[in-house]
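Source file: structure-v6.txt; contents: compact mmCIF, C-alpha atoms.
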```txt
# COMPACT_ATOMS: atom_id res chain seq x y z
CA MET A 305 19.17 -4.75 -40.77
CA THR A 306 21.12 -7.14 -43.01
CA GLU A 307 22.45 -5.92 -46.31
CA LYS A 308 20.07 -8.18 -48.17
CA ASN A 309 17.05 -6.51 -46.59
CA GLU A 310 18.45 -2.99 -46.93
CA GLN A 311 16.16 -0.65 -48.79
CA THR A 312 17.79 1.47 -51.46
CA ALA A 313 16.73 4.68 -53.17
CA LEU A 314 18.12 6.03 -56.42
CA LEU A 315 18.40 9.84 -56.62
CA LEU A 316 18.63 10.73 -60.29
CA LEU A 317 20.09 14.14 -61.22
CA GLY A 318 20.26 15.78 -64.63
CA CYS A 319 22.03 19.02 -65.47
CA PRO A 320 22.04 21.22 -62.33
CA GLN A 321 20.70 24.56 -63.61
CA VAL A 322 18.53 25.48 -60.62
CA PRO A 323 20.09 26.29 -57.22
CA VAL A 324 17.57 24.33 -55.13
CA GLN A 325 18.72 20.96 -56.55
CA THR A 326 21.96 20.57 -54.54
CA SER A 327 20.27 21.51 -51.26
CA MET A 328 17.30 19.22 -51.84
CA VAL A 329 19.47 16.23 -52.81
CA LEU A 330 21.56 16.54 -49.63
CA TYR A 331 18.40 16.96 -47.56
CA LEU A 332 16.73 13.94 -49.14
CA ALA A 333 19.86 11.76 -48.86
CA HIS A 334 20.06 12.61 -45.16
CA GLY A 335 16.34 11.96 -44.58
CA LEU A 336 16.45 8.60 -46.36
CA SER A 337 19.57 7.50 -44.44
CA GLU A 338 17.87 8.39 -41.16
CA ARG A 339 14.96 6.14 -42.17
CA GLY A 340 17.31 3.24 -42.96
CA ILE A 341 17.02 3.66 -46.72
CA ARG A 342 20.41 3.86 -48.44
CA PRO A 343 20.63 6.73 -50.96
CA VAL A 344 22.48 6.07 -54.23
CA ILE A 345 23.07 9.10 -56.45
CA ALA A 346 23.30 8.93 -60.23
CA GLY A 347 24.04 12.16 -62.02
CA THR A 348 25.89 14.03 -64.73
CA THR A 349 29.49 14.97 -63.98
CA ALA A 350 28.61 18.57 -63.06
CA ALA A 351 25.76 17.46 -60.79
CA ARG A 352 28.03 14.98 -58.99
CA LYS A 353 30.81 17.55 -58.59
CA LEU A 354 28.34 20.03 -57.05
CA MET A 355 27.31 17.36 -54.55
CA GLU A 356 30.87 16.30 -53.70
CA VAL A 357 32.04 19.88 -53.14
CA ALA A 358 28.96 20.57 -50.97
CA ASP A 359 29.66 17.60 -48.67
CA PRO A 360 33.44 17.65 -48.12
CA GLY A 361 33.20 15.58 -44.91
CA ARG A 362 30.98 13.00 -46.63
CA HIS A 363 28.28 13.17 -43.98
CA TYR A 364 25.37 12.86 -46.41
CA LEU A 365 26.57 11.25 -49.62
CA ASP A 366 27.01 7.52 -50.01
CA GLU A 367 27.44 5.85 -53.40
CA MET A 368 27.72 8.18 -56.42
CA ASN A 369 27.49 6.91 -60.00
CA ASP A 370 27.36 8.07 -63.57
CA LEU A 371 23.83 8.73 -64.83
CA ASP A 372 23.96 6.82 -68.11
CA ALA A 373 25.91 3.88 -66.65
CA THR A 374 23.25 3.49 -63.95
CA ILE A 375 20.41 3.54 -66.47
CA ASP A 376 22.28 0.91 -68.52
CA GLU A 377 22.64 -1.33 -65.44
CA ILE A 378 18.91 -1.13 -64.71
CA THR A 379 17.99 -1.73 -68.36
CA GLU A 380 20.23 -4.82 -68.38
CA LYS A 381 18.58 -5.96 -65.12
CA LYS A 382 21.94 -6.04 -63.32
CA ARG A 383 20.67 -3.74 -60.62
CA ASP A 384 17.50 -2.11 -59.31
CA PHE A 385 16.22 0.01 -56.44
CA ASP A 386 13.18 0.15 -54.12
CA LEU A 387 12.55 3.86 -54.61
CA CYS A 388 13.63 6.31 -57.30
CA PHE A 389 13.58 10.10 -56.92
CA VAL A 390 14.07 11.95 -60.19
CA PHE A 391 14.99 15.66 -59.89
CA ILE A 392 13.30 17.48 -62.75
CA HIS A 393 13.43 21.07 -63.99
CA ASN A 394 13.18 20.58 -67.75
CA ASP A 395 11.97 18.16 -70.45
CA SER A 396 14.98 15.89 -70.23
CA GLY A 397 14.21 15.35 -66.54
CA ILE A 398 10.69 14.24 -67.50
CA ALA A 399 12.22 11.83 -70.05
CA TYR A 400 14.49 10.33 -67.38
CA ALA A 401 11.54 9.81 -65.03
CA GLY A 402 9.55 8.14 -67.84
CA THR A 403 12.49 5.85 -68.56
CA MET A 404 12.75 4.88 -64.89
CA ALA A 405 9.00 4.19 -64.67
CA TYR A 406 9.43 1.85 -67.65
CA ILE A 407 12.69 0.00 -66.87
CA SER A 408 12.75 -0.12 -63.05
CA LYS A 409 10.53 -1.84 -60.49
CA ALA A 410 11.20 1.10 -58.12
CA TRP A 411 8.35 3.37 -57.13
CA VAL A 412 9.15 6.62 -58.95
CA TYR A 413 8.85 10.06 -57.35
CA ALA A 414 9.04 12.95 -59.83
CA LEU A 415 10.41 15.96 -57.90
CA ILE A 416 9.64 18.89 -60.18
CA PHE A 417 10.92 22.40 -59.44
CA GLY A 418 11.97 25.64 -61.14
CA GLU A 419 10.10 28.26 -63.18
CA HIS A 420 8.04 25.79 -65.23
CA ALA A 421 7.19 23.22 -62.55
CA GLU A 422 3.46 23.24 -63.23
CA GLU A 423 3.72 22.87 -67.02
CA LEU A 424 6.27 20.09 -66.61
CA ALA A 425 4.02 18.25 -64.16
CA GLU A 426 1.21 18.27 -66.74
CA GLU A 427 3.43 16.49 -69.26
CA ILE A 428 3.72 13.37 -67.12
CA GLU A 429 1.68 10.43 -68.45
CA PHE A 430 3.35 7.50 -66.72
CA PRO A 431 2.80 6.02 -63.26
CA CYS A 432 4.68 7.99 -60.59
CA GLU A 433 4.17 10.21 -57.55
CA ILE A 434 4.38 13.86 -58.61
CA VAL A 435 5.94 16.29 -56.13
CA ALA A 436 5.98 19.73 -57.76
CA ALA A 437 6.72 23.24 -56.48
CA LYS A 438 7.70 26.42 -58.33
CA ALA A 439 10.93 26.68 -56.35
CA THR A 440 14.08 28.16 -57.91
CA HIS A 441 15.95 30.02 -55.14
CA ASN A 442 13.83 29.34 -52.07
CA PRO A 443 13.81 25.61 -51.36
CA MET A 444 11.07 25.68 -48.71
CA PRO A 445 8.00 24.94 -50.89
CA LEU A 446 9.66 21.84 -52.35
CA LYS A 447 11.08 20.84 -48.95
CA ARG A 448 7.60 20.86 -47.43
CA ARG A 449 6.29 18.60 -50.20
CA LEU A 450 9.30 16.33 -49.86
CA ASP A 451 8.77 16.00 -46.10
CA GLU A 452 5.34 14.56 -46.88
CA VAL A 453 6.88 12.19 -49.43
CA MET A 454 9.49 10.95 -47.00
CA GLN A 455 6.72 10.09 -44.57
CA TRP A 456 5.06 8.01 -47.31
CA ALA A 457 8.39 6.45 -48.25
CA ALA A 458 9.06 5.41 -44.67
CA VAL A 459 5.53 4.05 -44.19
CA SER A 460 5.42 2.14 -47.48
CA LYS A 461 8.63 0.31 -46.60
CA ARG A 462 7.61 -0.86 -43.10
CA MET B 1104 42.53 28.06 -28.60
CA THR B 1105 40.61 30.46 -26.36
CA GLU B 1106 37.52 32.18 -27.66
CA LYS B 1107 39.25 35.55 -27.49
CA ASN B 1108 41.96 34.42 -29.89
CA GLU B 1109 39.55 32.59 -32.19
CA GLN B 1110 39.77 33.73 -35.78
CA THR B 1111 36.46 34.40 -37.50
CA ALA B 1112 35.50 34.61 -41.15
CA LEU B 1113 32.35 36.21 -42.53
CA LEU B 1114 30.83 34.47 -45.57
CA LEU B 1115 28.58 37.00 -47.26
CA LEU B 1116 25.86 35.70 -49.62
CA GLY B 1117 23.56 37.68 -51.86
CA CYS B 1118 20.67 36.28 -53.91
CA PRO B 1119 21.51 32.66 -54.82
CA GLN B 1120 20.96 32.56 -58.60
CA VAL B 1121 23.88 30.34 -59.56
CA PRO B 1122 24.03 26.66 -58.48
CA VAL B 1123 27.72 26.66 -57.49
CA GLN B 1124 27.14 29.05 -54.57
CA THR B 1125 25.60 26.57 -52.08
CA SER B 1126 28.30 23.96 -52.73
CA MET B 1127 31.14 26.45 -52.47
CA VAL B 1128 29.83 27.98 -49.22
CA LEU B 1129 29.59 24.56 -47.55
CA TYR B 1130 33.04 23.65 -48.84
CA LEU B 1131 34.58 26.90 -47.62
CA ALA B 1132 32.85 26.72 -44.21
CA HIS B 1133 34.25 23.22 -43.75
CA GLY B 1134 37.76 24.22 -44.86
CA LEU B 1135 37.83 27.23 -42.55
CA SER B 1136 36.58 25.20 -39.56
CA GLU B 1137 39.30 22.63 -40.19
CA ARG B 1138 41.89 25.45 -40.04
CA GLY B 1139 40.50 26.72 -36.74
CA ILE B 1140 38.73 29.71 -38.32
CA ARG B 1141 35.06 29.96 -37.31
CA PRO B 1142 32.75 30.59 -40.30
CA VAL B 1143 29.86 33.01 -39.79
CA ILE B 1144 27.35 33.21 -42.64
CA ALA B 1145 25.37 36.35 -43.48
CA GLY B 1146 22.87 36.06 -46.30
CA THR B 1147 19.47 36.82 -47.70
CA THR B 1148 16.59 34.63 -46.50
CA ALA B 1149 16.64 32.45 -49.64
CA ALA B 1150 20.43 32.01 -49.46
CA ARG B 1151 20.24 30.98 -45.80
CA LYS B 1152 17.36 28.56 -46.44
CA LEU B 1153 19.35 26.90 -49.24
CA MET B 1154 22.25 26.42 -46.83
CA GLU B 1155 20.09 25.11 -43.98
CA VAL B 1156 18.30 22.58 -46.18
CA ALA B 1157 21.65 21.44 -47.64
CA ASP B 1158 23.13 20.74 -44.19
CA PRO B 1159 20.32 19.09 -42.20
CA GLY B 1160 22.73 17.49 -39.69
CA ARG B 1161 24.50 20.82 -39.17
CA HIS B 1162 27.94 19.39 -39.86
CA TYR B 1163 29.22 22.46 -41.73
CA LEU B 1164 27.17 25.49 -40.73
CA ASP B 1165 27.79 27.44 -37.54
CA GLU B 1166 26.30 30.89 -36.94
CA MET B 1167 23.85 32.18 -39.59
CA ASN B 1168 22.70 35.81 -39.69
CA ASP B 1169 20.69 38.24 -41.74
CA LEU B 1170 22.75 40.06 -44.38
CA ASP B 1171 21.63 43.63 -43.68
CA ALA B 1172 21.67 43.21 -39.89
CA THR B 1173 25.28 42.00 -40.09
CA ILE B 1174 26.35 44.94 -42.25
CA ASP B 1175 24.66 47.30 -39.75
CA GLU B 1176 26.56 45.71 -36.85
CA ILE B 1177 29.88 46.16 -38.63
CA THR B 1178 29.05 49.75 -39.64
CA GLU B 1179 28.19 50.55 -36.02
CA LYS B 1180 31.49 48.93 -34.93
CA LYS B 1181 29.65 46.43 -32.71
CA ARG B 1182 31.29 43.50 -34.44
CA ASP B 1183 33.99 42.65 -36.95
CA PHE B 1184 35.77 39.67 -38.51
CA ASP B 1185 39.32 38.65 -39.43
CA LEU B 1186 38.45 37.49 -42.94
CA CYS B 1187 35.49 38.19 -45.20
CA PHE B 1188 34.54 36.09 -48.24
CA VAL B 1189 31.95 37.77 -50.47
CA PHE B 1190 30.19 35.48 -52.98
CA ILE B 1191 29.61 37.50 -56.15
CA HIS B 1192 27.77 36.77 -59.39
CA ASN B 1193 26.29 40.20 -60.19
CA ASP B 1194 26.71 43.93 -59.58
CA SER B 1195 25.08 43.91 -56.16
CA GLY B 1196 27.67 41.35 -55.04
CA ILE B 1197 30.41 43.77 -56.11
CA ALA B 1198 28.69 46.53 -54.11
CA TYR B 1199 28.61 44.32 -50.99
CA ALA B 1200 32.32 43.55 -51.33
CA GLY B 1201 33.09 47.28 -51.75
CA THR B 1202 31.05 48.04 -48.63
CA MET B 1203 32.93 45.41 -46.64
CA ALA B 1204 36.32 46.71 -47.84
CA TYR B 1205 35.25 50.15 -46.56
CA ILE B 1206 33.54 49.36 -43.22
CA SER B 1207 35.40 46.26 -41.99
CA LYS B 1208 38.99 45.66 -40.94
CA ALA B 1209 38.69 42.10 -42.33
CA TRP B 1210 40.77 41.11 -45.31
CA VAL B 1211 38.21 40.81 -48.12
CA TYR B 1212 38.18 37.95 -50.65
CA ALA B 1213 35.91 38.57 -53.64
CA LEU B 1214 34.80 35.13 -54.90
CA ILE B 1215 33.40 35.87 -58.34
CA PHE B 1216 31.63 33.19 -60.40
CA GLY B 1217 28.90 32.75 -63.03
CA GLU B 1218 28.63 33.76 -66.69
CA HIS B 1219 30.07 37.27 -66.26
CA ALA B 1220 32.88 36.54 -63.79
CA GLU B 1221 35.59 38.26 -65.83
CA GLU B 1222 33.65 41.47 -66.50
CA LEU B 1223 32.63 41.65 -62.82
CA ALA B 1224 36.24 41.21 -61.71
CA GLU B 1225 37.25 44.20 -63.85
CA GLU B 1226 34.75 46.42 -62.01
CA ILE B 1227 36.56 46.04 -58.69
CA GLU B 1228 38.47 49.16 -57.65
CA PHE B 1229 38.87 48.62 -53.93
CA PRO B 1230 41.46 46.62 -51.97
CA CYS B 1231 40.63 42.90 -51.91
CA GLU B 1232 41.84 39.52 -53.11
CA ILE B 1233 40.01 38.60 -56.31
CA VAL B 1234 39.19 34.92 -56.85
CA ALA B 1235 37.30 34.63 -60.13
CA ALA B 1236 36.21 31.68 -62.29
CA LYS B 1237 33.54 31.39 -64.97
CA ALA B 1238 31.78 28.62 -63.02
CA THR B 1239 28.01 28.22 -63.15
CA HIS B 1240 27.26 24.48 -62.98
CA ASN B 1241 30.70 22.94 -62.56
CA PRO B 1242 32.23 24.13 -59.29
CA MET B 1243 35.74 22.76 -59.93
CA PRO B 1244 37.41 25.88 -61.46
CA LEU B 1245 36.28 28.02 -58.51
CA LYS B 1246 37.11 25.27 -56.02
CA ARG B 1247 40.70 25.10 -57.29
CA ARG B 1248 41.10 28.87 -56.87
CA LEU B 1249 39.52 28.71 -53.43
CA ASP B 1250 41.90 25.94 -52.33
CA GLU B 1251 44.77 28.35 -53.04
CA VAL B 1252 43.01 31.10 -51.08
CA MET B 1253 42.45 28.86 -48.07
CA GLN B 1254 46.17 28.14 -48.01
CA TRP B 1255 46.83 31.89 -47.91
CA ALA B 1256 44.13 32.38 -45.27
CA ALA B 1257 45.66 29.73 -43.03
CA VAL B 1258 49.19 31.07 -43.52
CA SER B 1259 48.29 34.73 -43.01
CA LYS B 1260 46.68 33.97 -39.64
CA ARG B 1261 49.61 32.01 -38.16
```

Please express the file's structure as structure tokens.
Amino acid sequence: MTEKNEQTALLLLGCPQVPVQTSMVLYLAHGLSERGIRPVIAGTTAARKLMEVADPGRHYLDEMNDLDATIDEITEKKRDFDLCFVFIHNDSGIAYAGTMAYISKAWVYALIFGEHAEELAEEIEFPCEIVAAKATHNPMPLKRRLDEVMQWAAVSKR
Amino acid sequence: MTEKNEQTALLLLGCPQVPVQTSMVLYLAHGLSERGIRPVIAGTTAARKLMEVADPGRHYLDEMNDLDATIDEITEKKRDFDLCFVFIHNDSGIAYAGTMAYISKAWVYALIFGEHAEELAEEIEFPCEIVAAKATHNPMPLKRRLDEVMQWAAVSKR
């Protein structure tokens, strides 16, 4: 696969208040890489530090960028992605997903977790694929939903 | 190094309510492995699932066991470890560390994090090395303390 044809996915992380986020990001980054889709992470400083500490041998993480700088680049049409996974556990996560649906040509997946997953999912009024599970400490419900999504992601890109 | 001389470290995880735990466990497991100390994780189901999902290629995790079953094995003198790192963010974490200091011959490190790290550290009245930092979302303060500990761990075993 040449670099020009390489598929890319943006993984967008807000403030990491819920334990499942770090695990799910590493899992998704690995799954995407295995399907030939390069994962690019954009997150707040704390979210990026949590990822870097969790992957000291750099087996899963590839490019890591600042959240706001990445959104600026997409807004200015300097860069874009094929897929975008937004990790959401509060209102600001919903706002980020809405922004991505508006500024990017990427297909947006809203991965909603935590205590208020269902209420948050109901707030979404923009085009995206909603993947929601009330997961806070046990990642398995969200992982199962994500496994389905990664099948779709792989199929839609072939 | 023969298996008989292999150093082992138990990483003991309670309920994973604070995001830094998953990152710090993976980081510590990696650091110990690099120093020739085999990491064995004992945790609740949710804690173990968070670890497994975070390391899908199994680059960092080695043996993973149930928390209570492991404590039973040590109590019954069927098994023991050279080092024991207890991840603590509430009173039950302190109780686990106290139990380990009592039943195991391992040198116990109490890794205390989260909102109430300082108050929890003051509760400890048993022999152990206290490593405390008020880290909830940003893992760096605890990581810096842990880097010092891993130096001691490596030195003490030579």

Legend entry - Expected answer as number ranges by chain: chain A residues within 8 Å of chain B, all atoms listed in the file: A: 319-324, 326-331, 334, 350-351, 353-355, 357-361, 363, 441-444, 447

Inset, instruction - May I ask which of the residues A:Ile378, A:His393, A:Gly418, A:Asp370 is the closest one to Tyr406 (chain A), counting all atoms listed in the file? - result: A:Ile378

Inset, instruction - Find, counting only C-alpha atoms, the residue in A:Ala425, A:Ala439, A:Ala346, A:Leu314 that gets nearest to Val412 (chain A). - result: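 Of all the options, A:Leu314 lies closest to Val412 (chain A).
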
Legend entry - CA of Ser1207 (chain B) to CA of Phe1184 (chain B), distance in Å rounded to a single decimal: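 According to the coordinates, CA of Ser1207 (chain B) and CA of Phe1184 (chain B) are separated by 7.5 Å.
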
Legend entry - Interatomic distance (Å, one decimal) between CA of Val435 (chain A) and CA of Val344 (chain A): 19.5 Å

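Pairwise distance (CA of Asp1183 (chain B), CA of Glu1251 (chain B)) equals 24.1 Å.
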
Inset, instruction - Pick out the closest residue to Ile398 (chain A) from this set: A:Glu426, A:Glu338, A:Asp372, A:Asp366. Count all atoms listed in the file. - result: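 Of the candidates, the smallest distance to Ile398 (chain A) is held by A:Glu426.
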
Legend entry - Near-Ala1235 (chain B) list (10 Å; only C-alpha atoms; drop same-chain fewer than 6 positions) as a list in words: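 Final neighbour list, sorted by chain and number: Ile1191, His1192, Ala1213, Leu1214, Ile1215, Phe1216, Gly1217, His1219, Ala1220, Glu1221, Leu1223, Ala1224, Pro1244, Leu1245, Arg1248 and Leu1249 of chain B.
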
Preceding selection exported with C-alpha atoms as a tab-separated table (two decimals), keeping the file's coordinate frame:
```tsv
chain	number	residue	atom	x	y	z
B	1191	ILE	CA	29.61	37.50	-56.15
B	1192	HIS	CA	27.77	36.77	-59.39
B	1213	ALA	CA	35.91	38.57	-53.64
B	1214	LEU	CA	34.80	35.13	-54.90
B	1215	ILE	CA	33.40	35.87	-58.34
B	1216	PHE	CA	31.63	33.19	-60.40
B	1217	GLY	CA	28.90	32.75	-63.03
B	1219	HIS	CA	30.07	37.27	-66.26
B	1220	ALA	CA	32.88	36.54	-63.79
B	1221	GLU	CA	35.59	38.26	-65.83
B	1223	LEU	CA	32.63	41.65	-62.82
B	1224	ALA	CA	36.24	41.21	-61.71
B	1244	PRO	CA	37.41	25.88	-61.46
B	1245	LEU	CA	36.28	28.02	-58.51
B	1248	ARG	CA	41.10	28.87	-56.87
B	1249	LEU	CA	39.52	28.71	-53.43
```

Legend entry - Given only C-alpha atoms as the counted atoms, nearest of A:Cys432, A:Thr403, A:Gly347, A:Ser337 to Thr379 (chain A):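 Smallest separation from Thr379 (chain A) among the options: A:Thr403.
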
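Distance check against Gly1117 (chain B) using only C-alpha atoms: of B:Lys1181, B:Asn1193, B:Ala1236, B:Cys1187, the minimum falls on B:Asn1193.
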
Build an axis-aligned box that encloses every atom of region 1210-1223 of chain B listed in the file, pad it by 8 Å on each side, and report its centre and edge lengths in Å to one decimal, as lines of an AutoDock Vina configuration file.
```
center_x = 34.7
center_y = 37.2
center_z = -56.0
size_x = 28.1
size_y = 24.9
size_z = 37.4
```

Taking the block above, write region 1206-1252 of chain B with C-alpha atoms as a short mmCIF file (atom, residue, chain, number, x, y, z; two decimals), in the first residue's frame.
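Contents of the output file result.cif:
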```cif
data_model
loop_
_atom_site.label_atom_id
_atom_site.label_comp_id
_atom_site.auth_asym_id
_atom_site.auth_seq_id
_atom_site.Cartn_x
_atom_site.Cartn_y
_atom_site.Cartn_z
CA ILE B 1206 1.13 -12.49 54.62
CA SER B 1207 3.90 -12.09 52.01
CA LYS B 1208 7.67 -11.95 52.27
CA ALA B 1209 7.68 -9.56 49.27
CA TRP B 1210 8.82 -6.00 49.76
CA VAL B 1211 5.60 -3.99 49.44
CA TYR B 1212 5.33 -0.74 47.47
CA ALA B 1213 2.13 1.20 48.13
CA LEU B 1214 1.41 3.23 44.97
CA ILE B 1215 -1.17 5.76 46.11
CA PHE B 1216 -2.92 8.09 43.65
CA GLY B 1217 -6.21 9.95 43.11
CA GLU B 1218 -7.87 12.87 44.91
CA HIS B 1219 -7.14 11.65 48.45
CA ALA B 1220 -3.58 10.35 47.98
CA GLU B 1221 -2.12 12.30 50.90
CA GLU B 1222 -4.80 11.33 53.44
CA LEU B 1223 -4.56 7.69 52.35
CA ALA B 1224 -0.77 7.72 52.74
CA GLU B 1225 -1.18 8.90 56.34
CA GLU B 1226 -3.34 5.87 57.16
CA ILE B 1227 -0.49 3.43 56.49
CA GLU B 1228 0.95 1.90 59.66
CA PHE B 1229 2.66 -1.19 58.31
CA PRO B 1230 6.11 -1.65 56.75
CA CYS B 1231 6.14 -0.66 53.08
CA GLU B 1232 7.57 1.88 50.64
CA ILE B 1233 5.02 4.64 50.08
CA VAL B 1234 4.85 6.17 46.60
CA ALA B 1235 2.09 8.77 46.61
CA ALA B 1236 0.99 11.46 44.14
CA LYS B 1237 -2.29 13.33 43.76
CA ALA B 1238 -2.69 12.06 40.18
CA THR B 1239 -6.12 11.38 38.71
CA HIS B 1240 -5.98 12.30 35.01
CA ASN B 1241 -2.35 13.29 34.52
CA PRO B 1242 -0.11 10.30 35.23
CA MET B 1243 3.20 12.21 35.20
CA PRO B 1244 3.59 12.96 38.95
CA LEU B 1245 3.07 9.29 39.82
CA LYS B 1246 5.23 8.16 36.90
CA ARG B 1247 8.15 10.26 38.16
CA ARG B 1248 7.86 8.71 41.62
CA LEU B 1249 7.58 5.24 40.11
CA ASP B 1250 10.71 5.77 38.00
CA GLU B 1251 12.62 6.31 41.25
CA VAL B 1252 11.07 3.17 42.74
#
```
